[in-house]
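Next comes data_0.pdb, a file with PDB, C-alpha atoms and all ligand atoms.
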MODEL        1
ATOM      1  CA  MET B   1      50.463  66.177-127.393  1.00  0.00           C
ATOM      2  CA  THR B   2      53.299  68.562-128.180  1.00  0.00           C
ATOM      3  CA  LYS B   3      56.806  68.272-129.559  1.00  0.00           C
ATOM      4  CA  ALA B   4      59.757  68.549-127.213  1.00  0.00           C
ATOM      5  CA  ALA B   5      63.505  67.992-127.285  1.00  0.00           C
ATOM      6  CA  VAL B   6      63.934  65.200-124.756  1.00  0.00           C
ATOM      7  CA  VAL B   7      67.103  64.127-122.950  1.00  0.00           C
ATOM      8  CA  VAL B   8      66.598  60.367-122.981  1.00  0.00           C
ATOM      9  CA  ALA B   9      69.919  59.434-121.356  1.00  0.00           C
ATOM     10  CA  HIS B  10      73.029  61.205-120.133  1.00  0.00           C
ATOM     11  CA  ASN B  11      75.551  61.983-122.896  1.00  0.00           C
ATOM     12  CA  GLU B  12      73.138  60.972-125.671  1.00  0.00           C
ATOM     13  CA  PRO B  13      71.758  63.391-128.270  1.00  0.00           C
ATOM     14  CA  VAL B  14      68.353  64.835-127.463  1.00  0.00           C
ATOM     15  CA  GLU B  15      65.424  63.301-129.334  1.00  0.00           C
ATOM     16  CA  ILE B  16      62.464  65.220-130.733  1.00  0.00           C
ATOM     17  CA  ARG B  17      59.423  63.427-129.359  1.00  0.00           C
ATOM     18  CA  GLU B  18      55.724  63.928-128.920  1.00  0.00           C
ATOM     19  CA  VAL B  19      54.987  64.329-125.220  1.00  0.00           C
ATOM     20  CA  GLU B  20      51.760  64.469-123.262  1.00  0.00           C
ATOM     21  CA  LEU B  21      51.451  67.404-120.876  1.00  0.00           C
ATOM     22  CA  ALA B  22      49.265  67.374-117.805  1.00  0.00           C
ATOM     23  CA  GLY B  23      47.007  70.334-117.233  1.00  0.00           C
ATOM     24  CA  PRO B  24      47.950  72.900-114.595  1.00  0.00           C
ATOM     25  CA  LYS B  25      47.377  72.040-110.962  1.00  0.00           C
ATOM     26  CA  ALA B  26      45.963  74.537-108.493  1.00  0.00           C
ATOM     27  CA  GLY B  27      48.220  77.581-108.447  1.00  0.00           C
ATOM     28  CA  ASP B  28      49.995  76.626-111.694  1.00  0.00           C
ATOM     29  CA  ILE B  29      49.902  78.161-115.150  1.00  0.00           C
ATOM     30  CA  ARG B  30      50.510  76.433-118.463  1.00  0.00           C
ATOM     31  CA  ILE B  31      52.644  78.311-120.986  1.00  0.00           C
ATOM     32  CA  ALA B  32      52.989  77.748-124.710  1.00  0.00           C
ATOM     33  CA  VAL B  33      56.746  78.212-125.019  1.00  0.00           C
ATOM     34  CA  ARG B  34      57.692  80.414-127.982  1.00  0.00           C
ATOM     35  CA  ALA B  35      61.430  80.579-127.231  1.00  0.00           C
ATOM     36  CA  SER B  36      63.753  78.803-124.845  1.00  0.00           C
ATOM     37  CA  GLY B  37      67.409  79.169-124.059  1.00  0.00           C
ATOM     38  CA  VAL B  38      69.618  76.191-123.441  1.00  0.00           C
ATOM     39  CA  CYS B  39      72.221  77.153-120.885  1.00  0.00           C
ATOM     40  CA  HIS B  40      75.179  75.525-119.190  1.00  0.00           C
ATOM     41  CA  SER B  41      72.892  74.098-116.497  1.00  0.00           C
ATOM     42  CA  ASP B  42      70.866  72.273-119.157  1.00  0.00           C
ATOM     43  CA  LEU B  43      74.032  70.883-120.729  1.00  0.00           C
ATOM     44  CA  SER B  44      75.250  69.767-117.295  1.00  0.00           C
ATOM     45  CA  VAL B  45      72.001  67.856-116.769  1.00  0.00           C
ATOM     46  CA  GLN B  46      72.268  66.379-120.276  1.00  0.00           C
ATOM     47  CA  ASN B  47      75.830  65.164-119.776  1.00  0.00           C
ATOM     48  CA  GLY B  48      75.200  63.958-116.211  1.00  0.00           C
ATOM     49  CA  THR B  49      77.530  66.419-114.461  1.00  0.00           C
ATOM     50  CA  VAL B  50      74.382  67.458-112.598  1.00  0.00           C
ATOM     51  CA  PRO B  51      72.613  64.137-111.998  1.00  0.00           C
ATOM     52  CA  PHE B  52      69.144  65.518-111.390  1.00  0.00           C
ATOM     53  CA  PRO B  53      66.530  65.506-112.537  1.00  0.00           C
ATOM     54  CA  PRO B  54      67.212  62.100-114.074  1.00  0.00           C
ATOM     55  CA  PRO B  55      66.314  61.460-117.728  1.00  0.00           C
ATOM     56  CA  PRO B  56      63.959  61.443-119.450  1.00  0.00           C
ATOM     57  CA  LEU B  57      63.503  65.199-119.155  1.00  0.00           C
ATOM     58  CA  VAL B  58      62.893  68.269-121.268  1.00  0.00           C
ATOM     59  CA  PRO B  59      65.703  70.824-120.794  1.00  0.00           C
ATOM     60  CA  GLY B  60      65.281  74.565-121.081  1.00  0.00           C
ATOM     61  CA  HIS B  61      64.466  76.411-117.889  1.00  0.00           C
ATOM     62  CA  GLU B  62      64.718  79.951-119.278  1.00  0.00           C
ATOM     63  CA  CYS B  63      61.794  80.558-121.572  1.00  0.00           C
ATOM     64  CA  ALA B  64      59.279  83.007-122.943  1.00  0.00           C
ATOM     65  CA  GLY B  65      55.766  82.301-124.088  1.00  0.00           C
ATOM     66  CA  GLU B  66      52.072  82.828-123.656  1.00  0.00           C
ATOM     67  CA  VAL B  67      49.774  81.674-120.882  1.00  0.00           C
ATOM     68  CA  VAL B  68      47.331  79.164-122.371  1.00  0.00           C
ATOM     69  CA  GLU B  69      45.722  77.742-119.233  1.00  0.00           C
ATOM     70  CA  VAL B  70      45.545  78.624-115.556  1.00  0.00           C
ATOM     71  CA  GLY B  71      44.949  76.357-112.583  1.00  0.00           C
ATOM     72  CA  ASP B  72      42.435  76.879-109.826  1.00  0.00           C
ATOM     73  CA  GLY B  73      43.164  79.849-107.621  1.00  0.00           C
ATOM     74  CA  VAL B  74      45.400  81.705-110.089  1.00  0.00           C
ATOM     75  CA  SER B  75      44.516  85.396-110.221  1.00  0.00           C
ATOM     76  CA  ARG B  76      47.785  87.104-111.240  1.00  0.00           C
ATOM     77  CA  PHE B  77      47.830  85.590-114.725  1.00  0.00           C
ATOM     78  CA  LYS B  78      45.226  85.066-117.388  1.00  0.00           C
ATOM     79  CA  VAL B  79      45.120  83.251-120.705  1.00  0.00           C
ATOM     80  CA  GLY B  80      46.894  85.372-123.320  1.00  0.00           C
ATOM     81  CA  ASP B  81      49.424  86.996-120.964  1.00  0.00           C
ATOM     82  CA  HIS B  82      52.961  87.041-122.342  1.00  0.00           C
ATOM     83  CA  VAL B  83      55.504  85.879-119.803  1.00  0.00           C
ATOM     84  CA  VAL B  84      59.198  85.218-119.404  1.00  0.00           C
ATOM     85  CA  TYR B  85      60.376  82.885-116.708  1.00  0.00           C
ATOM     86  CA  THR B  86      63.170  80.886-115.279  1.00  0.00           C
ATOM     87  CA  VAL B  87      62.673  77.746-113.256  1.00  0.00           C
ATOM     88  CA  GLN B  88      64.962  78.022-110.292  1.00  0.00           C
ATOM     89  CA  PRO B  89      64.237  78.030-106.610  1.00  0.00           C
ATOM     90  CA  PRO B  90      62.364  80.224-106.045  1.00  0.00           C
ATOM     91  CA  VAL B  91      60.362  80.145-109.271  1.00  0.00           C
ATOM     92  CA  TRP B  92      60.087  83.679-110.638  1.00  0.00           C
ATOM     93  CA  PRO B  93      57.609  84.043-113.453  1.00  0.00           C
ATOM     94  CA  LEU B  94      57.586  87.665-114.599  1.00  0.00           C
ATOM     95  CA  LEU B  95      54.603  89.186-116.265  1.00  0.00           C
ATOM     96  CA  LEU B  96      56.075  91.462-118.915  1.00  0.00           C
ATOM     97  CA  PRO B  97      53.787  94.480-118.481  1.00  0.00           C
ATOM     98  CA  ARG B  98      54.441  94.456-114.734  1.00  0.00           C
ATOM     99  CA  ALA B  99      58.157  94.054-115.276  1.00  0.00           C
ATOM    100  CA  ARG B 100      58.172  97.035-117.653  1.00  0.00           C
ATOM    101  CA  SER B 101      56.317  99.169-115.146  1.00  0.00           C
ATOM    102  CA  GLY B 102      58.871  98.375-112.484  1.00  0.00           C
ATOM    103  CA  LEU B 103      56.446  96.485-110.255  1.00  0.00           C
ATOM    104  CA  SER B 104      57.651  93.323-108.671  1.00  0.00           C
ATOM    105  CA  VAL B 105      55.556  90.219-109.163  1.00  0.00           C
TER     106      VAL B 105
HETATM  107 ZN    ZN C 201      70.162  78.465-116.858  1.00  0.00          ZN
ENDMDL
END
Using structure tokens, write down the structure from this file.
Ligand SMILES: [Zn+2]
Amino acid sequence: MTKAAVVVAHNEPVEIREVELAGPKAGDIRIAVRASGVCHSDLSVQNGTVPFPPPPLVPGHECAGEVVEVGDGVSRFKVGDHVVYTVQPPVWPLLLPRARSGLSV
């Protein structure tokens, strides 16, 4: 269980709730989020201007944190890596040391 700010319905205040997270699937990583921005897109989902994904949902698709678990087949990340990411198509997780060195990931 972990705490999350949850949009429970459009145009309602977010609620701090305990949520259960599934482990990573093959090819996924699980990140302990240390910081997250809330941008206009998140507010548009919260107020229903953008109707998807439907509530309940946890906003915040621009985050930074630490890899705490990796799914089967993941070789580019390991537990303890610090990452920043945004969830947009395509999903672009950036491994900080690689980003600093100028390598694309
Ligand atoms: Zn955004």
Can you build me a table of region 58-88 of chain B residues sitting at most 7 Å from region 27-47 of chain B, with the closest atom pair per residue and its distance in Å to one decimal, using all atoms listed in the file, sorted by chain and residue number, as a tab-separated table?
residue	atom	partner	partner_atom	distance
B:Pro59	CA	B:Asp42	CA	5.6
B:Gly60	CA	B:Val38	CA	5.2
B:Glu62	CA	B:Gly37	CA	5.5
B:Cys63	CA	B:Ser36	CA	4.2
B:Ala64	CA	B:Ala35	CA	5.4
B:Gly65	CA	B:Val33	CA	4.3
B:Glu66	CA	B:Ala32	CA	5.3
B:Val67	CA	B:Ile31	CA	4.4
B:Val68	CA	B:Ile31	CA	5.6
B:Glu69	CA	B:Arg30	CA	5.0
B:Val70	CA	B:Ile29	CA	4.4
B:Gly71	CA	B:Asp28	CA	5.1
B:Asp72	CA	B:Gly27	CA	6.0
B:Gly73	CA	B:Gly27	CA	5.6
B:Val74	CA	B:Gly27	CA	5.3
Run the PyMOL selection byres (((chain B and resi 19) around 7) and not hetatm) mentally over the shown coordinates, then write out the matched residues as a PyMOL selection string, using the chain letters and numbers from the document. chain B and resi 1-4+17-18+20-21
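Interatomic distance, CA of Leu57 (chain B) to CA of Val84 (chain B): 20.5 Å.
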Selected residue, from B:Arg76, B:His82, B:His61, B:Lys25, that lies nearest to ligand ZN 201 (chain C) when counting all atoms listed in the file: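 Of the candidates, the smallest distance to ligand ZN 201 (chain C) is held by B:His61.
In this model, the gap between CA of Ala22 (chain B) and atom ZN of ligand ZN 201 (chain C) comes to 23.7 Å.
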Which residues, named as in the file, does the PyMOL selection byres (((chain B and resi 14) around 10) and not hetatm) pick out? Answer as a ChimeraX atom specification. /B:4-13,15-17,46,56-59
Can you measure CA of Pro54 (chain B) to CA of Val87 (chain B) for me? One decimal in Å is fine.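 Between these atoms lies a distance of 16.3 Å.
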